[in-house]
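Colleague: Encoded as structure tokens, here's the structure I'll be asking about.
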Amino acid sequence: MKKMTREKPKTFHVKSFGCQMNVYDGERMAEMLSAEGMTAAQDGVDADLVVLNTCHIREKAVDKVYSDIGRLRRDDGTRPMVAVAGCVAQAEGAEIPRRAREVDIVVGPQAYHRLPGLIEKARKGETALDTDMPAASKFGALPSRAAQKRPSAFLTVQEGCDKFCTYCVVPYTRGAEISRPWSAILDEAKALIDGGAVEIILLGQNVNAWTGEDDAGSIQGLDGLARALDRLPGLRRIRYTTSHPNDMTDGLIAAHGEVEKLMPFLHLPVQSGSDRILKAMNRSHSAKSYRDVLDKVRKVRPDIALSGDFIVGFPGETEADFEATLQIVRDVRYAQAYSFKYSPRPGTPAATMEEQISAEVMDDRLQRLQALLNEQQLAFNQASVGARTSILLERPGRHHGQLVGKSPWLQSVHVQADGARIGDMLDIDIVSAGPNSLQGDIVKRKAA
């Protein structure tokens, strides 16, 4: 049944879940809605339009979406216009408005540049669903970047994935690997810097698979892009995430030792230390080839902080397979890492594999893995005590005059910095360390 005509929304709220790429997409949708003349609301309570920018990676992601939709109904019985965007929208499509009549718009992550048109359709009571994955880049249809509220800005340079890991929905919700053009990336980077960013974090499902043709017509990889960004005035720091071991080229490894603004931090997921499980995951690298890459990186940048992703309880994982994961953690010595219990994603090959692991076994293995990872993170932080470094101030601390910044190794550092501002770079001495943050004393202050 066709819904009644509604007024055009005047205010909006975008709520993003999941990965940093979703945060970037949420920022771009907010900029696009602002360019349409709408005003951002602090939350969804009073907004005319609420965009739920969803993630499909975690367990029960779909159930969470419907729960969030239900909470949008107001005490007086009214509700905002509701748009479900992101990967759950891509995966569920027309099923979402069938299950939740409150939903007015469904838009996938490769089609959100068409959100204004979908809002107009929904306003007229028409079906507003777009989960196409158009060949034309959505980025060209988005407005120029707005001034940055934070000194650190995300910049998506690559989307999609061709790896088809057997547990992962990304190839189905984000599509094939595509790289944004060189000039478009540099133009956006300059706009971000002009808007106040001093750190840029390059994003991609497989960000180190980025390739493109530079202004001289030469083919470049992510290392060439990093070197070009390094030359931009006003930019102080460069980071990138998330990478695949098979796309860590010699050029990118060399850049870690040569590009001054490229921070000494590398997030490189391995998922398992067992070659048997890696093969079942279709990861296309071995435990040895992964270690070899990290050895090369440490050779050019000995102080680099390493991060990774781990899945425990993948179908068929034995205690010996899990011990191989613990061993690779002992060998690598991570500064931080993310670890999760395997959860089946509908439509992925692993969801129908035999020998699914019980919840009790997964819980036990995750606790043992996280205990080791937490021990390593604390040791890495404690090894920083006594060091002198610089931090980029990003947010207020809990106490008066306290600010929190990030070290080059992505550690949170608390510092008493009366008179300093968000976005300043401070030289500090690390005086104490805990498992999740450090304490620093100011040496001197540098203007951003």
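In the structure tokens, each chain is lettered A, B, ... as it comes, each chain's residues begin at 1, and ligands are numbered from 1 in order of appearance.
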Give me, as a list in words, all polymer residues having an atom no more than 9 Å from A:Tyr334, counting only C-alpha atoms and skipping those fewer than 2 positions away in the same chain.
Modeller: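 Surrounding residues, per the criterion: Ala305, Leu306, Ser307, Gly308, Val329, Arg330, Asp331, Val332, Gln336, Ala337, Leu373, Gln376, Gln377 and Phe380 of chain A.
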Colleague: If you keep N, CA and C atoms, can you produce a file of those selected residues as a compact mmCIF listing (two decimals), in the first residue's frame?
Modeller:
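Okay, result-v6.txt is ready:
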```txt
# COMPACT_ATOMS: atom_id res chain seq x y z
N ALA A 305 54.70 -0.69 15.33
CA ALA A 305 53.70 -1.35 16.15
C ALA A 305 52.82 -2.19 15.23
N LEU A 306 52.63 -3.44 15.59
CA LEU A 306 51.86 -4.36 14.75
C LEU A 306 50.51 -4.68 15.38
N SER A 307 49.51 -4.74 14.53
CA SER A 307 48.16 -5.07 14.95
C SER A 307 47.63 -6.15 14.01
N GLY A 308 46.64 -6.91 14.48
CA GLY A 308 46.10 -7.98 13.64
C GLY A 308 44.66 -8.31 14.00
N VAL A 329 51.03 -15.57 17.64
CA VAL A 329 50.93 -14.38 18.49
C VAL A 329 52.20 -14.24 19.33
N ARG A 330 52.68 -15.33 19.89
CA ARG A 330 53.93 -15.28 20.67
C ARG A 330 55.10 -14.84 19.80
N ASP A 331 55.13 -15.32 18.56
CA ASP A 331 56.24 -14.99 17.66
C ASP A 331 56.22 -13.53 17.23
N VAL A 332 55.02 -13.01 16.90
CA VAL A 332 54.91 -11.67 16.32
C VAL A 332 55.03 -10.58 17.39
N GLN A 336 48.69 -4.36 19.61
CA GLN A 336 47.25 -4.46 19.85
C GLN A 336 46.68 -5.41 18.81
N ALA A 337 45.49 -5.91 19.04
CA ALA A 337 44.87 -6.81 18.07
C ALA A 337 43.39 -6.94 18.38
N LEU A 373 46.98 -11.68 24.15
CA LEU A 373 47.04 -10.40 23.43
C LEU A 373 47.07 -9.23 24.40
N GLN A 376 50.49 -8.85 25.84
CA GLN A 376 51.42 -8.23 24.89
C GLN A 376 51.17 -6.74 24.75
N GLN A 377 49.91 -6.33 24.73
CA GLN A 377 49.60 -4.91 24.61
C GLN A 377 50.14 -4.14 25.80
N PHE A 380 53.92 -3.85 25.45
CA PHE A 380 54.29 -2.85 24.45
C PHE A 380 54.17 -1.45 25.04
```
Colleague: Each residue of stretch 59-106 of chain A with at least one atom at most 12 Å from stretch 120-140 of chain A should appear once, together with its nearest atom pair and the corresponding distance in Å (one decimal); atoms considered: only C-alpha atoms; ordering: chain, then increasing residue number; output as JSON lines.
Modeller:
```
{"residue": "A:Pro80", "atom": "CA", "partner": "A:Arg123", "partner_atom": "CA", "distance": 11.4}
{"residue": "A:Met81", "atom": "CA", "partner": "A:Ala122", "partner_atom": "CA", "distance": 8.3}
{"residue": "A:Val82", "atom": "CA", "partner": "A:Ala122", "partner_atom": "CA", "distance": 9.5}
{"residue": "A:Ala83", "atom": "CA", "partner": "A:Ala128", "partner_atom": "CA", "distance": 9.2}
{"residue": "A:Val84", "atom": "CA", "partner": "A:Leu129", "partner_atom": "CA", "distance": 9.6}
{"residue": "A:Ala85", "atom": "CA", "partner": "A:Thr131", "partner_atom": "CA", "distance": 9.3}
{"residue": "A:Gly86", "atom": "CA", "partner": "A:Thr131", "partner_atom": "CA", "distance": 9.5}
{"residue": "A:Cys87", "atom": "CA", "partner": "A:Thr131", "partner_atom": "CA", "distance": 9.6}
{"residue": "A:Val88", "atom": "CA", "partner": "A:Thr131", "partner_atom": "CA", "distance": 10.4}
{"residue": "A:Ala89", "atom": "CA", "partner": "A:Thr131", "partner_atom": "CA", "distance": 7.4}
{"residue": "A:Gln90", "atom": "CA", "partner": "A:Thr131", "partner_atom": "CA", "distance": 5.5}
{"residue": "A:Ala91", "atom": "CA", "partner": "A:Thr131", "partner_atom": "CA", "distance": 8.6}
{"residue": "A:Glu92", "atom": "CA", "partner": "A:Thr131", "partner_atom": "CA", "distance": 9.4}
{"residue": "A:Gly93", "atom": "CA", "partner": "A:Thr131", "partner_atom": "CA", "distance": 6.7}
{"residue": "A:Ala94", "atom": "CA", "partner": "A:Leu129", "partner_atom": "CA", "distance": 7.2}
{"residue": "A:Glu95", "atom": "CA", "partner": "A:Leu129", "partner_atom": "CA", "distance": 10.6}
{"residue": "A:Ile96", "atom": "CA", "partner": "A:Leu129", "partner_atom": "CA", "distance": 10.0}
{"residue": "A:Pro97", "atom": "CA", "partner": "A:Leu129", "partner_atom": "CA", "distance": 9.3}
{"residue": "A:Arg98", "atom": "CA", "partner": "A:Thr127", "partner_atom": "CA", "distance": 11.5}
{"residue": "A:Arg101", "atom": "CA", "partner": "A:Thr127", "partner_atom": "CA", "distance": 11.5}
{"residue": "A:Glu102", "atom": "CA", "partner": "A:Ala122", "partner_atom": "CA", "distance": 11.4}
{"residue": "A:Val103", "atom": "CA", "partner": "A:Ala122", "partner_atom": "CA", "distance": 9.6}
{"residue": "A:Asp104", "atom": "CA", "partner": "A:Ala122", "partner_atom": "CA", "distance": 5.8}
{"residue": "A:Ile105", "atom": "CA", "partner": "A:Ala128", "partner_atom": "CA", "distance": 5.0}
{"residue": "A:Val106", "atom": "CA", "partner": "A:Leu129", "partner_atom": "CA", "distance": 4.7}
```
Colleague: Selected residues, N, CA and C atoms, written as a CSV table (one decimal), in the first residue's frame, please.
Modeller:
```
chain,number,residue,atom,x,y,z
A,80,PRO,N,10.3,9.5,12.8
A,80,PRO,CA,11.0,10.2,11.7
A,80,PRO,C,10.9,9.4,10.4
A,81,MET,N,11.3,10.0,9.3
A,81,MET,CA,11.6,9.2,8.1
A,81,MET,C,12.8,8.3,8.4
A,82,VAL,N,12.7,7.1,8.1
A,82,VAL,CA,13.8,6.1,8.4
A,82,VAL,C,14.5,5.6,7.2
A,83,ALA,N,15.8,5.7,7.1
A,83,ALA,CA,16.6,5.1,6.0
A,83,ALA,C,17.5,4.1,6.6
A,84,VAL,N,17.5,2.9,6.1
A,84,VAL,CA,18.5,1.9,6.4
A,84,VAL,C,19.5,1.8,5.3
A,85,ALA,N,20.8,2.1,5.6
A,85,ALA,CA,21.9,2.1,4.7
A,85,ALA,C,22.9,1.1,5.1
A,86,GLY,N,24.0,1.0,4.2
A,86,GLY,CA,25.1,0.1,4.6
A,86,GLY,C,24.9,-1.3,4.2
A,87,CYS,N,25.7,-2.2,4.8
A,87,CYS,CA,25.8,-3.6,4.4
A,87,CYS,C,24.6,-4.4,4.7
A,88,VAL,N,23.9,-4.2,5.8
A,88,VAL,CA,22.7,-4.9,6.1
A,88,VAL,C,21.7,-4.5,5.0
A,89,ALA,N,21.6,-3.3,4.7
A,89,ALA,CA,20.7,-2.9,3.6
A,89,ALA,C,21.0,-3.6,2.3
A,90,GLN,N,22.2,-3.7,2.0
A,90,GLN,CA,22.6,-4.4,0.8
A,90,GLN,C,22.2,-5.9,0.8
A,91,ALA,N,22.5,-6.5,2.0
A,91,ALA,CA,22.2,-8.0,2.1
A,91,ALA,C,20.7,-8.3,2.2
A,92,GLU,N,20.0,-7.5,2.9
A,92,GLU,CA,18.6,-7.8,3.2
A,92,GLU,C,17.6,-7.2,2.1
A,93,GLY,N,18.0,-6.0,1.6
A,93,GLY,CA,17.2,-5.4,0.5
A,93,GLY,C,15.7,-5.2,0.9
A,94,ALA,N,14.8,-5.7,0.0
A,94,ALA,CA,13.4,-5.4,0.2
A,94,ALA,C,12.8,-6.2,1.4
A,95,GLU,N,13.6,-7.1,2.0
A,95,GLU,CA,13.1,-7.8,3.2
A,95,GLU,C,12.9,-6.8,4.3
A,96,ILE,N,13.7,-5.7,4.4
A,96,ILE,CA,13.7,-4.8,5.5
A,96,ILE,C,12.4,-4.1,5.6
A,97,PRO,N,11.9,-3.4,4.6
A,97,PRO,CA,10.5,-2.8,4.7
A,97,PRO,C,9.4,-3.8,4.9
A,98,ARG,N,9.6,-5.0,4.4
A,98,ARG,CA,8.6,-6.1,4.6
A,98,ARG,C,8.5,-6.4,6.1
A,101,ARG,N,7.6,-1.9,8.7
A,101,ARG,CA,6.9,-0.9,7.8
A,101,ARG,C,7.3,0.5,8.1
A,102,GLU,N,8.0,0.7,9.3
A,102,GLU,CA,8.5,2.0,9.6
A,102,GLU,C,9.6,2.5,8.7
A,103,VAL,N,10.2,1.6,8.0
A,103,VAL,CA,11.4,1.9,7.1
A,103,VAL,C,10.9,2.5,5.8
A,104,ASP,N,11.4,3.7,5.5
A,104,ASP,CA,11.0,4.4,4.2
A,104,ASP,C,12.0,4.2,3.1
A,105,ILE,N,13.3,4.0,3.4
A,105,ILE,CA,14.3,4.0,2.4
A,105,ILE,C,15.3,2.9,2.8
A,106,VAL,N,15.7,2.1,1.7
A,106,VAL,CA,16.8,1.1,1.9
A,106,VAL,C,17.8,1.4,0.8
```
Colleague: Provide the atom CA of A:Val23 to atom CA of A:Ala191 distance in Å, to one decimal place.
Modeller: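 Atom-to-atom, atom CA of A:Val23 and atom CA of A:Ala191 are spaced 18.0 Å apart.
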Colleague: Counting only C-alpha atoms, what are the residues of stretch 85-196 of chain A within 12 Å of stretch 263-279 of chain A, and for each of them which pair of atoms is the nearest and at what distance in Å, to one decimal? Sort the table by chain and rising number, as CSV.
Modeller:
```
residue,atom,partner,partner_atom,distance
A:Phe164,CA,A:Lys279,CA,12.0
A:Cys165,CA,A:Leu278,CA,9.3
A:Thr166,CA,A:Lys279,CA,9.6
A:Tyr167,CA,A:Gln271,CA,10.8
A:Cys168,CA,A:Gln271,CA,11.8
```
Colleague: May I have the selected residues written with N, CA and C atoms, as a JSON list (two decimals), in the first residue's frame?
Modeller:
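Final output, saved to selection11.json:
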```json
[["chain", "number", "residue", "atom", "x", "y", "z"],
["A", 164, "PHE", "N", 37.37, -13.19, -1.37],
["A", 164, "PHE", "CA", 36.36, -14.21, -1.09],
["A", 164, "PHE", "C", 36.80, -15.17, 0.01],
["A", 165, "CYS", "N", 37.21, -14.62, 1.15],
["A", 165, "CYS", "CA", 37.41, -15.46, 2.34],
["A", 165, "CYS", "C", 36.07, -16.12, 2.66],
["A", 166, "THR", "N", 36.13, -17.38, 3.06],
["A", 166, "THR", "CA", 34.90, -18.17, 3.15],
["A", 166, "THR", "C", 33.97, -17.74, 4.28],
["A", 167, "TYR", "N", 34.46, -16.91, 5.21],
["A", 167, "TYR", "CA", 33.63, -16.46, 6.33],
["A", 167, "TYR", "C", 33.06, -15.07, 6.12],
["A", 168, "CYS", "N", 33.42, -14.39, 5.03],
["A", 168, "CYS", "CA", 33.22, -12.94, 4.92],
["A", 168, "CYS", "C", 32.14, -12.56, 3.91]]
```
Colleague: What's around stretch 25-32 of chain A at 10 Å? Count only C-alpha atoms, leave out sequence neighbours fewer than 5 positions away in its own chain, and write the answer as JSON, numbers by chain.
Modeller: {"A": [12, 13, 14, 15, 16, 17, 20, 37, 38, 39, 40, 51, 52, 53, 54, 85, 86, 109, 110, 112, 113, 114, 115, 116, 139, 141, 142, 143, 144, 145, 146, 147, 154, 155, 156]}
Colleague: Given the selection you just returned, output its residues as a file containing C-alpha atoms, formatted as a short mmCIF file (atom, residue, chain, number, x, y, z; two decimals), in the first residue's frame.
Modeller:
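Result written to selection.cif:
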```
data_model
loop_
_atom_site.label_atom_id
_atom_site.label_comp_id
_atom_site.auth_asym_id
_atom_site.auth_seq_id
_atom_site.Cartn_x
_atom_site.Cartn_y
_atom_site.Cartn_z
CA PHE A 12 18.70 14.62 9.94
CA HIS A 13 20.77 12.28 12.07
CA VAL A 14 23.19 9.64 10.74
CA LYS A 15 24.08 6.77 13.07
CA SER A 16 26.94 4.60 11.83
CA PHE A 17 27.91 1.15 13.07
CA GLN A 20 35.97 2.91 9.81
CA GLY A 37 19.79 22.22 2.91
CA MET A 38 19.12 19.95 5.89
CA THR A 39 20.51 20.58 9.37
CA ALA A 40 22.24 17.94 11.47
CA VAL A 51 19.84 7.17 8.63
CA LEU A 52 20.96 3.88 10.20
CA ASN A 53 24.26 3.13 8.47
CA THR A 54 24.60 -0.56 9.20
CA ALA A 85 21.86 2.15 4.67
CA GLY A 86 25.08 0.14 4.58
CA PRO A 109 26.82 1.21 0.44
CA GLN A 110 27.53 1.68 -3.27
CA TYR A 112 24.16 6.19 -1.08
CA HIS A 113 25.05 9.06 -3.41
CA ARG A 114 21.47 8.68 -4.67
CA LEU A 115 20.02 9.23 -1.19
CA PRO A 116 18.49 12.67 -1.99
CA PHE A 139 32.38 9.57 -5.20
CA ALA A 141 28.41 12.57 -7.18
CA LEU A 142 29.26 13.57 -3.60
CA PRO A 143 29.78 17.17 -2.48
CA SER A 144 33.16 18.65 -1.54
CA ARG A 145 34.47 17.74 1.87
CA ALA A 146 33.30 19.89 4.74
CA ALA A 147 35.54 21.45 7.38
CA PHE A 154 39.20 9.25 7.09
CA LEU A 155 39.63 9.06 3.32
CA THR A 156 38.35 6.02 1.43
#
```
Colleague: Need to verify the contact set: A:Gly195, 6 Å, only C-alpha atoms, exclusion of same-chain residues closer than 2 positions in sequence. Can you return it as a PyMOL selection string?
Modeller: chain A and resi 147-148+192-193
Colleague: Counting only C-alpha atoms, which residue out of A:Ala359, A:Gly221, A:Val413, A:His285 sits closest to A:Ala255?
Modeller: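 For A:Ala255, the nearest of the candidates is A:Gly221.
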Colleague: If you count only C-alpha atoms, which residues fall within 10 Å of A:Glu159, apart from same-chain ones fewer than 3 positions away, as an NGL selection string?
Modeller: :A and (21 or 109-110 or 156 or 170-171 or 174-180 or 203-207 or 209-210)
Colleague: Enumerate as a PyMOL selection string all residues of stretch 82-249 of chain A assigned to strand (DSSP E) by DSSP on the backbone, naming them with the chain letters and numbers the document uses.
Modeller: chain A and resi 82-86+103-107+128-130+152-156+158-159+178-179+199-203+211-213+219-221+237-241
Colleague: Do a neighbour search on A:Leu229 at 8 Å with only C-alpha atoms, toss out local chain neighbours closer than 4 positions, and write the hits as a list of chain:residue names.
Modeller: A:Leu186, A:Ala189, A:Leu225, A:Leu235, A:Ile238
Colleague: So that I can see what lies close to stretch 290-298 of chain A, please list as a ChimeraX atom specification the residues with an atom at most 8 Å from it, counting only C-alpha atoms and leaving out residues fewer than 2 positions away in the same chain.
Modeller: /A:245,248,253-254,256,270,285-288,300-304,332
Colleague: When DSSP is applied to the backbone of this structure, which of stretch 263-408 of chain A are assigned alpha helix (DSSP H)? Write them out as a ChimeraX atom specification.
Modeller: /A:275-281,287-300,319-332,359-382
Colleague: In Å to one decimal, how far is atom CA of A:Asn381 from atom CA of A:Ser407?
Modeller: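 Spanning atom CA of A:Ser407 to atom CA of A:Asn381 is a straight-line distance of 10.9 Å.
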Colleague: How many Å separate atom CA of A:Gly217 from atom CA of A:Asp187?
Modeller: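 We find that atom CA of A:Gly217 and atom CA of A:Asp187 lie 17.0 Å from each other.
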